[in-house]
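Colleague: Just one file: work-v5.txt, with compact mmCIF, C-alpha atoms.
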# COMPACT_ATOMS: atom_id res chain seq x y z
CA MET E 1 -106.56 19.68 90.78
CA SER E 2 -103.31 19.36 88.85
CA LEU E 3 -102.25 21.80 86.14
CA HIS E 4 -103.04 19.10 83.58
CA ASP E 5 -106.73 19.09 84.63
CA LEU E 6 -107.12 22.86 84.62
CA PRO E 7 -109.75 24.07 82.14
CA PHE E 8 -108.14 25.49 79.07
CA LYS E 9 -109.47 29.01 79.61
CA GLU E 10 -107.90 29.19 83.09
CA TYR E 11 -104.65 27.75 81.84
CA LEU E 12 -104.43 30.46 79.18
CA GLN E 13 -105.16 33.08 81.82
CA ILE E 14 -102.29 31.76 83.96
CA LEU E 15 -99.95 31.92 80.95
CA GLN E 16 -100.93 35.53 80.28
CA ASP E 17 -100.71 36.56 83.94
CA ASN E 18 -97.23 35.11 84.24
CA GLY E 19 -95.75 37.08 81.41
CA SER E 20 -96.03 34.46 78.64
CA LYS E 21 -98.43 36.47 76.52
CA GLU E 22 -96.75 35.51 73.26
CA ASP E 23 -97.08 31.80 74.09
CA ALA E 24 -100.70 32.27 75.09
CA LYS E 25 -101.46 34.03 71.82
CA GLU E 26 -99.75 31.32 69.78
CA ILE E 27 -101.62 28.53 71.57
CA GLU E 28 -104.95 30.33 71.28
CA LYS E 29 -104.41 30.85 67.54
CA LEU E 30 -103.55 27.20 66.99
CA CYS E 31 -106.60 26.18 69.00
CA GLN E 32 -108.87 28.30 66.84
CA GLU E 33 -107.68 26.24 63.86
CA VAL E 34 -108.24 23.00 65.75
CA ILE E 35 -111.78 23.85 66.84
CA ALA E 36 -112.57 24.88 63.29
CA GLU E 37 -111.23 21.52 62.15
CA LEU E 38 -113.06 19.48 64.84
CA GLY E 39 -116.24 21.52 64.70
CA TRP E 40 -116.06 22.46 68.41
CA THR E 41 -117.57 25.54 70.05
CA LYS E 42 -115.51 28.11 71.94
CA GLU E 43 -117.26 27.04 75.19
CA GLN E 44 -116.27 23.41 74.66
CA LEU E 45 -112.68 24.44 74.15
CA ASP E 46 -112.62 26.66 77.23
CA ALA E 47 -114.07 23.97 79.47
CA THR E 48 -111.81 21.11 78.33
CA PRO E 49 -108.78 20.31 80.54
CA HIS E 50 -105.72 21.84 78.96
CA GLY E 51 -103.79 18.54 79.12
CA ASN E 52 -106.36 17.01 76.78
CA ILE E 53 -106.11 20.01 74.46
CA LEU E 54 -102.34 19.54 74.24
CA GLU E 55 -102.83 15.91 73.26
CA ILE E 56 -105.33 16.94 70.58
CA LEU E 57 -102.92 19.58 69.31
CA GLU E 58 -100.08 17.07 69.05
CA SER E 59 -102.21 14.62 67.16
CA TYR E 60 -103.52 17.43 64.90
CA LEU E 61 -99.98 18.55 64.03
CA ALA E 62 -98.85 14.96 63.40
CA ASN E 63 -101.81 14.43 61.03
CA LEU E 64 -101.03 17.67 59.26
CA GLN E 65 -97.43 16.60 58.70
CA THR E 66 -98.52 13.20 57.37
CA GLN E 67 -101.00 14.84 54.99
CA MET E 68 -98.30 17.17 53.69
CA ALA E 69 -95.88 14.30 53.16
CA VAL E 70 -98.50 12.32 51.22
CA ALA E 71 -99.42 15.36 49.13
CA GLN E 72 -95.78 15.88 48.24
CA GLN E 73 -95.44 12.28 47.14
CA ILE E 74 -98.48 12.60 44.90
CA ASP E 75 -97.66 15.98 43.43
CA MET E 76 -94.02 15.48 42.64
CA PRO E 77 -93.13 12.77 40.14
CA SER E 78 -89.68 11.41 40.86
CA VAL E 79 -88.56 12.07 37.28
CA PRO E 80 -88.15 15.44 35.57
CA MET E 81 -91.12 16.58 33.46
CA SER E 82 -90.43 18.78 30.47
CA GLY E 83 -92.37 19.95 27.42
CA MET E 84 -96.15 20.44 27.32
CA TRP E 85 -98.38 18.54 29.75
CA LEU E 86 -102.17 18.59 29.54
CA VAL E 87 -104.98 16.80 31.35
CA GLY E 88 -108.34 15.73 29.89
CA LYS E 89 -111.39 17.82 30.76
CA ASP E 90 -113.38 15.26 32.73
CA ILE E 91 -110.54 13.66 34.64
CA PRO E 92 -110.75 13.85 38.46
CA PRO E 93 -107.63 15.38 40.06
CA GLU E 94 -106.61 12.18 41.89
CA LYS E 95 -106.74 10.17 38.67
CA ALA E 96 -104.82 12.89 36.83
CA LYS E 97 -102.09 12.89 39.48
CA GLN E 98 -101.80 9.11 39.44
CA VAL E 99 -101.60 8.88 35.66
CA THR E 100 -99.33 11.92 35.27
CA ARG E 101 -96.84 10.26 37.59
CA ILE E 102 -96.90 7.07 35.51
CA MET E 103 -96.72 8.97 32.22
CA ALA E 104 -93.75 11.01 33.43
CA GLN E 105 -91.90 7.77 34.18
CA LYS E 106 -92.93 6.29 30.82
CA MET E 107 -91.74 9.34 28.90
CA GLN E 108 -88.43 9.31 30.74
CA ALA E 109 -87.93 5.68 29.69
CA GLU E 110 -89.11 6.41 26.15
CA LYS E 111 -86.69 9.29 25.72
CA GLU E 112 -83.84 7.08 26.85
CA ARG E 113 -84.92 4.41 24.36
CA LEU E 114 -85.12 6.79 21.42
CA ARG E 115 -81.86 8.53 22.15
CA TRP E 116 -79.30 8.03 19.43
CA GLY E 117 -76.33 5.98 20.51
CA MET Q 1 -90.63 24.89 23.16
CA SER Q 2 -89.53 24.67 26.75
CA ASN Q 3 -91.47 23.82 29.89
CA TYR Q 4 -95.20 24.56 29.80
CA ILE Q 5 -97.77 23.00 32.05
CA PHE Q 6 -101.23 24.38 31.35
CA PRO Q 7 -103.86 24.29 34.07
CA GLY Q 8 -106.53 24.11 31.33
CA ARG Q 9 -107.99 20.87 30.07
CA ILE Q 10 -108.01 18.89 26.82
CA ASP Q 11 -111.31 18.93 24.93
CA LYS Q 12 -110.32 16.37 22.29
CA ILE Q 13 -107.65 14.90 20.08
CA GLU Q 14 -108.59 14.64 16.41
CA ILE Q 15 -107.02 12.25 13.93
CA GLY Q 16 -108.09 11.79 10.34
CA LEU Q 17 -107.79 13.21 6.86
CA THR Q 18 -108.68 16.89 7.21
CA ALA Q 19 -110.22 19.40 9.61
CA GLY Q 20 -113.59 18.30 8.20
CA THR Q 21 -113.01 14.56 8.04
CA ASN Q 22 -111.62 13.18 11.26
CA CYS Q 23 -112.41 11.22 14.39
CA ASP Q 24 -112.61 12.75 17.88
CA ILE Q 25 -110.87 11.15 20.82
CA THR Q 26 -112.46 12.59 23.96
CA ASN Q 27 -111.54 10.16 26.72
CA VAL Q 28 -108.06 11.57 27.14
CA ILE Q 29 -106.48 11.45 30.60
CA THR Q 30 -103.17 13.15 29.88
CA MET Q 31 -101.14 14.21 26.86
CA ASN Q 32 -97.61 15.49 26.66
CA TRP Q 33 -95.02 16.29 24.04
CA GLU Q 34 -91.70 18.01 23.59
CA ARG Q 35 -89.03 18.42 20.95
CA MET Q 36 -86.23 15.96 21.35
CA HIS Q 37 -82.88 15.88 19.60
CA ASP Q 38 -80.58 13.02 18.67
CA VAL Q 39 -83.46 10.61 18.06
CA SER Q 40 -82.53 7.34 16.41
CA PRO Q 41 -84.83 6.48 13.45
CA ARG Q 42 -83.78 2.83 13.67
CA LEU Q 43 -85.86 2.48 16.79
CA VAL Q 44 -89.13 3.67 15.26
CA ALA Q 45 -90.12 0.12 14.45
CA SER Q 46 -93.73 0.78 13.50
CA ALA Q 47 -93.02 3.58 11.05
CA LYS Q 48 -93.50 2.55 7.43
CA ILE Q 49 -91.02 5.20 6.36
CA PRO Q 50 -89.12 6.54 9.33
CA ILE Q 51 -90.57 10.00 9.67
CA GLY Q 52 -88.13 12.82 9.19
CA TRP Q 53 -85.47 10.40 7.95
CA ASN Q 54 -83.74 13.10 5.94
CA GLN Q 55 -84.32 15.75 8.55
CA PRO Q 56 -81.96 16.54 11.35
CA HIS Q 57 -82.79 13.91 13.94
CA SER Q 58 -84.89 16.26 15.96
CA TRP Q 59 -88.57 15.43 16.38
CA ILE Q 60 -91.54 16.02 18.57
CA VAL Q 61 -91.84 13.06 20.91
CA GLY Q 62 -94.96 12.60 22.98
CA SER Q 63 -97.63 10.35 24.40
CA PHE Q 64 -101.27 10.37 25.36
CA SER Q 65 -103.24 8.15 27.71
CA LEU Q 66 -106.89 7.17 27.35
CA LEU Q 67 -109.44 6.00 29.90
CA SER Q 68 -110.59 3.23 27.59
CA PHE Q 69 -109.86 1.81 24.19
CA CYS Q 70 -110.71 4.16 21.31
CA ASP Q 71 -111.70 2.86 17.87
CA CYS Q 72 -110.43 5.99 16.12
CA ILE Q 73 -106.82 4.96 16.44
CA THR Q 74 -107.23 1.58 14.79
CA ASN Q 75 -110.32 2.13 12.60
CA ALA Q 76 -110.22 5.66 11.18
CA ASP Q 77 -108.67 6.42 7.80
CA VAL Q 78 -105.78 8.84 8.30
CA VAL Q 79 -104.18 8.87 4.84
CA ALA Q 80 -105.89 10.72 1.97
CA GLY Q 81 -106.36 8.61 -1.17
CA GLY Q 82 -106.17 4.85 -1.45
CA GLY Q 83 -108.06 2.53 0.86
CA MET Q 84 -108.45 2.56 4.58
CA GLU Q 85 -105.13 3.32 6.21
CA TYR Q 86 -105.17 3.44 9.98
CA ALA Q 87 -103.06 5.42 12.40
CA TYR Q 88 -102.04 2.39 14.40
CA ILE Q 89 -102.18 -1.28 13.51
CA PRO Q 90 -100.96 -3.55 16.31
CA GLY Q 91 -98.10 -5.71 15.07
CA ALA Q 92 -97.78 -3.90 11.75
CA ASP Q 93 -96.52 -0.64 10.31
CA SER Q 94 -98.23 2.56 11.38
CA ASN Q 95 -99.27 5.29 8.94
CA VAL Q 96 -98.27 8.93 8.95
CA ILE Q 97 -101.40 10.84 10.01
CA ASP Q 98 -102.63 13.58 7.65
CA PHE Q 99 -104.58 15.49 10.29
CA PHE Q 100 -103.54 15.25 13.95
CA VAL Q 101 -104.68 18.06 16.26
CA VAL Q 102 -105.25 18.48 19.98
CA THR Q 103 -107.79 21.05 21.24
CA TYR Q 104 -107.49 22.36 24.79
CA ARG Q 105 -108.23 25.35 27.01
CA ASP Q 106 -105.66 27.64 28.47
CA GLU Q 107 -105.82 28.96 32.03
CA ASN Q 108 -108.35 31.60 30.94
CA ASN Q 109 -110.63 29.02 29.28
CA ILE Q 110 -109.60 30.21 25.81
CA VAL Q 111 -109.58 27.42 23.22
CA ARG Q 112 -106.20 26.61 21.72
CA THR Q 113 -105.01 23.94 19.36
CA THR Q 114 -101.71 22.32 18.53
CA THR Q 115 -101.29 20.67 15.14
CA PHE Q 116 -98.80 17.85 14.70
CA THR Q 117 -97.29 17.68 11.23
CA ASN Q 118 -96.52 14.20 9.93
CA GLY Q 119 -97.50 12.62 13.20
CA ILE Q 120 -97.18 8.90 13.68
CA ILE Q 121 -98.44 6.75 16.54
CA TYR Q 122 -95.75 4.14 16.80
CA ARG Q 123 -96.51 2.24 19.99
CA GLY Q 124 -99.60 1.46 22.01
CA VAL Q 125 -99.79 -0.38 25.30
CA LYS Q 126 -102.49 -1.20 27.79
CA GLU Q 127 -101.20 -0.58 31.26
CA LEU Q 128 -102.67 -1.75 34.56
CA LEU Q 129 -102.93 0.94 37.23
CA ASN Q 130 -104.17 -1.63 39.73
CA TYR Q 131 -106.27 -4.79 39.59
CA ASP Q 132 -109.44 -2.83 38.88
CA ASP Q 133 -108.23 -0.16 36.54
CA SER Q 134 -106.19 0.18 33.37
CA ILE Q 135 -105.31 2.84 30.83
CA TRP Q 136 -104.29 2.84 27.18
CA ILE Q 137 -101.06 4.63 26.41
CA TYR Q 138 -99.98 5.65 22.90
CA HIS Q 139 -96.58 7.06 22.01
CA PHE Q 140 -96.25 9.31 18.99
CA MET Q 141 -93.69 11.32 17.03
CA ALA Q 142 -94.05 14.22 14.61
CA TYR Q 143 -91.99 16.61 12.53
CA LYS Q 144 -93.30 19.57 14.40
CA ALA Q 145 -96.01 20.83 16.75
CA GLU Q 146 -97.57 24.14 15.73
CA ASN Q 147 -99.55 26.06 18.34
CA SER Q 148 -102.58 28.13 17.33
CA VAL Q 149 -101.32 30.86 19.66
CA ASP Q 150 -97.70 31.44 20.48
CA HIS Q 151 -97.05 30.44 24.05
CA PRO Q 152 -95.26 33.01 26.13
For this file, write the structure as C-alpha cells.
Modeller:
Amino acid sequence: MSLHDLPFKEYLQILQDNGSKEDAKEIEKLCQEVIAELGWTKEQLDATPHGNILEILESYLANLQTQMAVAQQIDMPSVPMSGMWLVGKDIPPEKAKQVTRIMAQKMQAEKERLRWG
Amino acid sequence: MSNYIFPGRIDKIEIGLTAGTNCDITNVITMNWERMHDVSPRLVASAKIPIGWNQPHSWIVGSFSLLSFCDCITNADVVAGGGMEYAYIPGADSNVIDFFVVTYRDENNIVRTTTFTNGIIYRGVKELLNYDDSIWIYHFMAYKAENSVDHP
C-alpha cells in the first residue's frame, strides 16, 4: 500500500507521530469544513484514502476562490457610487445587485453629461 | 449629503399634488440621488423652465428604476390648478412635480421619507437587462432633498 492509498485517519496519525502536529491540526480543521460542505460522516472521511482527500481539498479550495472572485465582481461596481442608494422592498438580492451595477454606470454617465463645460 | 447606503428598503415613491392627493409607485428596484454642482441647465431638455435657473447651479441629481412601466409617471396630475399636467411626457416638456416623496426603512426598520422640492423627471428610458428582462429608468433633478430625519 502506498502512502497515497493510506486511509486518512492513519495518515493523520503518521503526521502527528512524526512531529508535524501543526500540519495535522490544520488539515483536520480544513477537512471538517469539507465534510460539512459535502455532507460526509466522520467515518467516511477517516476511511477514505488520503490521496483522494487531498484531491477533494484542492478542488474545494479552487471552487471557493472562484466563488469569491464572482462575488467580488457582482458586489463591486466598476464606477464610484456616491450619494444615497436604496433598493425596493420586494427586490431579490441578485436582481438588486445586477440593477445597482447598471444604475451606477448610468449615473456616472449622467453626471458627466450634466456637468457644466 | 455625502455617502449613505441604507440597508433598508424602499416602500414607495409618491408623485402628485399633495400628501393627500398623489400616486404610489411601488415597483421600485433602486433609487439614488446626490447633490451635484456645476450642472448645466442647457442640458435639461425636457424641463419647461429649467429648474433652479436663477439658483447656483447646484441641484439634486438622481434616478430610479422600475420593474415595469408605471402609469403614475405619465398619467397622474402633478401640478396644482389647471388641467392634467403630467410628470413626464415622452417627447415633450416635463412638469415640475408639486409633491415628490420617497418612503423607505432604515436599518432598524424605522420609516423615513425624503421630500424632493421642485423635482422634475427629465428623461425616461427602457433598458434591456437581457433578452428576457427589461427595466424602466427615470432620471430626475430637484432643488433639494429634505430628509424626515437627519442622517448621521
Colleague: For a cut-off of 6 Å around (-98.1, 13.6, 27.0), file coordinates, pick out all residues using all atoms listed in the file and list them as a ChimeraX atom specification.
Modeller: /E:85 /Q:30-33,62-64
Colleague: Do you know which residues lie at most 10 Å from (-107.4, 15.2, 28.1), with coordinates as in the file and only C-alpha atoms counted, and could you write them as JSON, numbers by chain?
Modeller: {"E": [85, 86, 87, 88, 89, 90, 91, 96], "Q": [8, 9, 10, 11, 12, 13, 25, 26, 27, 28, 29, 30, 31, 32, 64, 65, 66, 67, 102, 103, 104]}
Colleague: Kindly indicate which residue among Q:Ser148, Q:Asn130, Q:Thr115, Q:Ser68 lies nearest to Q:Ile15, using all atoms listed in the file for the distances.
Modeller: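 Using all atoms listed in the file, the shortest distance to Q:Ile15 belongs to Q:Thr115.
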Colleague: Which is closest to E:Ala109 among Q:Asn75, Q:Thr18, Q:Leu128, Q:His139, if we use all atoms listed in the file?
Modeller: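 With all atoms listed in the file as the atom set, the closest residue is Q:His139.
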Colleague: Restricting the calculation to only C-alpha atoms, which member of Q:Ala92, Q:Ile110, Q:Ala19, Q:Leu129 is positioned closest to chain E?
Modeller: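 Going through Q:Ala92, Q:Ile110, Q:Ala19, Q:Leu129 one by one, the smallest distance to chain E is for Q:Leu129.
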Colleague: Record the distance separating atom CA of E:Leu3 and atom CA of E:Pro49, expressed in Å with one decimal.
Modeller: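 Between atom CA of E:Leu3 and atom CA of E:Pro49 the gap works out to 8.7 Å.
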Colleague: Find the nearest atom pair between each residue of chain E and chain Q for residues within 12 Å, count only C-alpha atoms, give distances in Å to one decimal, sort rows by chain and ascending number, and present the table as JSON lines.
Modeller:
{"residue": "E:Pro80", "atom": "CA", "partner": "Q:Asn3", "partner_atom": "CA", "distance": 10.7}
{"residue": "E:Met81", "atom": "CA", "partner": "Q:Asn3", "partner_atom": "CA", "distance": 8.1}
{"residue": "E:Ser82", "atom": "CA", "partner": "Q:Asn3", "partner_atom": "CA", "distance": 5.2}
{"residue": "E:Gly83", "atom": "CA", "partner": "Q:Glu34", "partner_atom": "CA", "distance": 4.3}
{"residue": "E:Met84", "atom": "CA", "partner": "Q:Tyr4", "partner_atom": "CA", "distance": 4.9}
{"residue": "E:Trp85", "atom": "CA", "partner": "Q:Asn32", "partner_atom": "CA", "distance": 4.4}
{"residue": "E:Leu86", "atom": "CA", "partner": "Q:Met31", "partner_atom": "CA", "distance": 5.2}
{"residue": "E:Val87", "atom": "CA", "partner": "Q:Thr30", "partner_atom": "CA", "distance": 4.3}
{"residue": "E:Gly88", "atom": "CA", "partner": "Q:Ile10", "partner_atom": "CA", "distance": 4.4}
{"residue": "E:Lys89", "atom": "CA", "partner": "Q:Arg9", "partner_atom": "CA", "distance": 4.6}
{"residue": "E:Asp90", "atom": "CA", "partner": "Q:Asn27", "partner_atom": "CA", "distance": 8.1}
{"residue": "E:Ile91", "atom": "CA", "partner": "Q:Ile29", "partner_atom": "CA", "distance": 6.1}
{"residue": "E:Pro92", "atom": "CA", "partner": "Q:Ile29", "partner_atom": "CA", "distance": 9.3}
{"residue": "E:Pro93", "atom": "CA", "partner": "Q:Ile29", "partner_atom": "CA", "distance": 10.3}
{"residue": "E:Glu94", "atom": "CA", "partner": "Q:Ile29", "partner_atom": "CA", "distance": 11.3}
{"residue": "E:Lys95", "atom": "CA", "partner": "Q:Ile29", "partner_atom": "CA", "distance": 8.2}
{"residue": "E:Ala96", "atom": "CA", "partner": "Q:Ile29", "partner_atom": "CA", "distance": 6.6}
{"residue": "E:Lys97", "atom": "CA", "partner": "Q:Thr30", "partner_atom": "CA", "distance": 9.7}
{"residue": "E:Gln98", "atom": "CA", "partner": "Q:Leu129", "partner_atom": "CA", "distance": 8.5}
{"residue": "E:Val99", "atom": "CA", "partner": "Q:Thr30", "partner_atom": "CA", "distance": 7.4}
{"residue": "E:Thr100", "atom": "CA", "partner": "Q:Thr30", "partner_atom": "CA", "distance": 6.7}
{"residue": "E:Arg101", "atom": "CA", "partner": "Q:Thr30", "partner_atom": "CA", "distance": 10.4}
{"residue": "E:Ile102", "atom": "CA", "partner": "Q:Leu129", "partner_atom": "CA", "distance": 8.8}
{"residue": "E:Met103", "atom": "CA", "partner": "Q:Ser65", "partner_atom": "CA", "distance": 8.0}
{"residue": "E:Ala104", "atom": "CA", "partner": "Q:Asn32", "partner_atom": "CA", "distance": 9.0}
{"residue": "E:Gln105", "atom": "CA", "partner": "Q:Ser63", "partner_atom": "CA", "distance": 11.6}
{"residue": "E:Lys106", "atom": "CA", "partner": "Q:Ser63", "partner_atom": "CA", "distance": 8.9}
{"residue": "E:Met107", "atom": "CA", "partner": "Q:Ser63", "partner_atom": "CA", "distance": 7.5}
{"residue": "E:Gln108", "atom": "CA", "partner": "Q:Gly62", "partner_atom": "CA", "distance": 10.7}
{"residue": "E:Ala109", "atom": "CA", "partner": "Q:His139", "partner_atom": "CA", "distance": 11.6}
{"residue": "E:Glu110", "atom": "CA", "partner": "Q:His139", "partner_atom": "CA", "distance": 8.6}
{"residue": "E:Lys111", "atom": "CA", "partner": "Q:Met36", "partner_atom": "CA", "distance": 8.0}
{"residue": "E:Glu112", "atom": "CA", "partner": "Q:Val39", "partner_atom": "CA", "distance": 9.5}
{"residue": "E:Arg113", "atom": "CA", "partner": "Q:Leu43", "partner_atom": "CA", "distance": 7.9}
{"residue": "E:Leu114", "atom": "CA", "partner": "Q:Val39", "partner_atom": "CA", "distance": 5.4}
{"residue": "E:Arg115", "atom": "CA", "partner": "Q:Val39", "partner_atom": "CA", "distance": 4.9}
{"residue": "E:Trp116", "atom": "CA", "partner": "Q:Ser40", "partner_atom": "CA", "distance": 4.5}
{"residue": "E:Gly117", "atom": "CA", "partner": "Q:Ser40", "partner_atom": "CA", "distance": 7.6}
Colleague: Tell me, in Å to one decimal, how far atom CA of Q:Val111 is from atom CA of Q:Val149.
Modeller: 9.6 Å
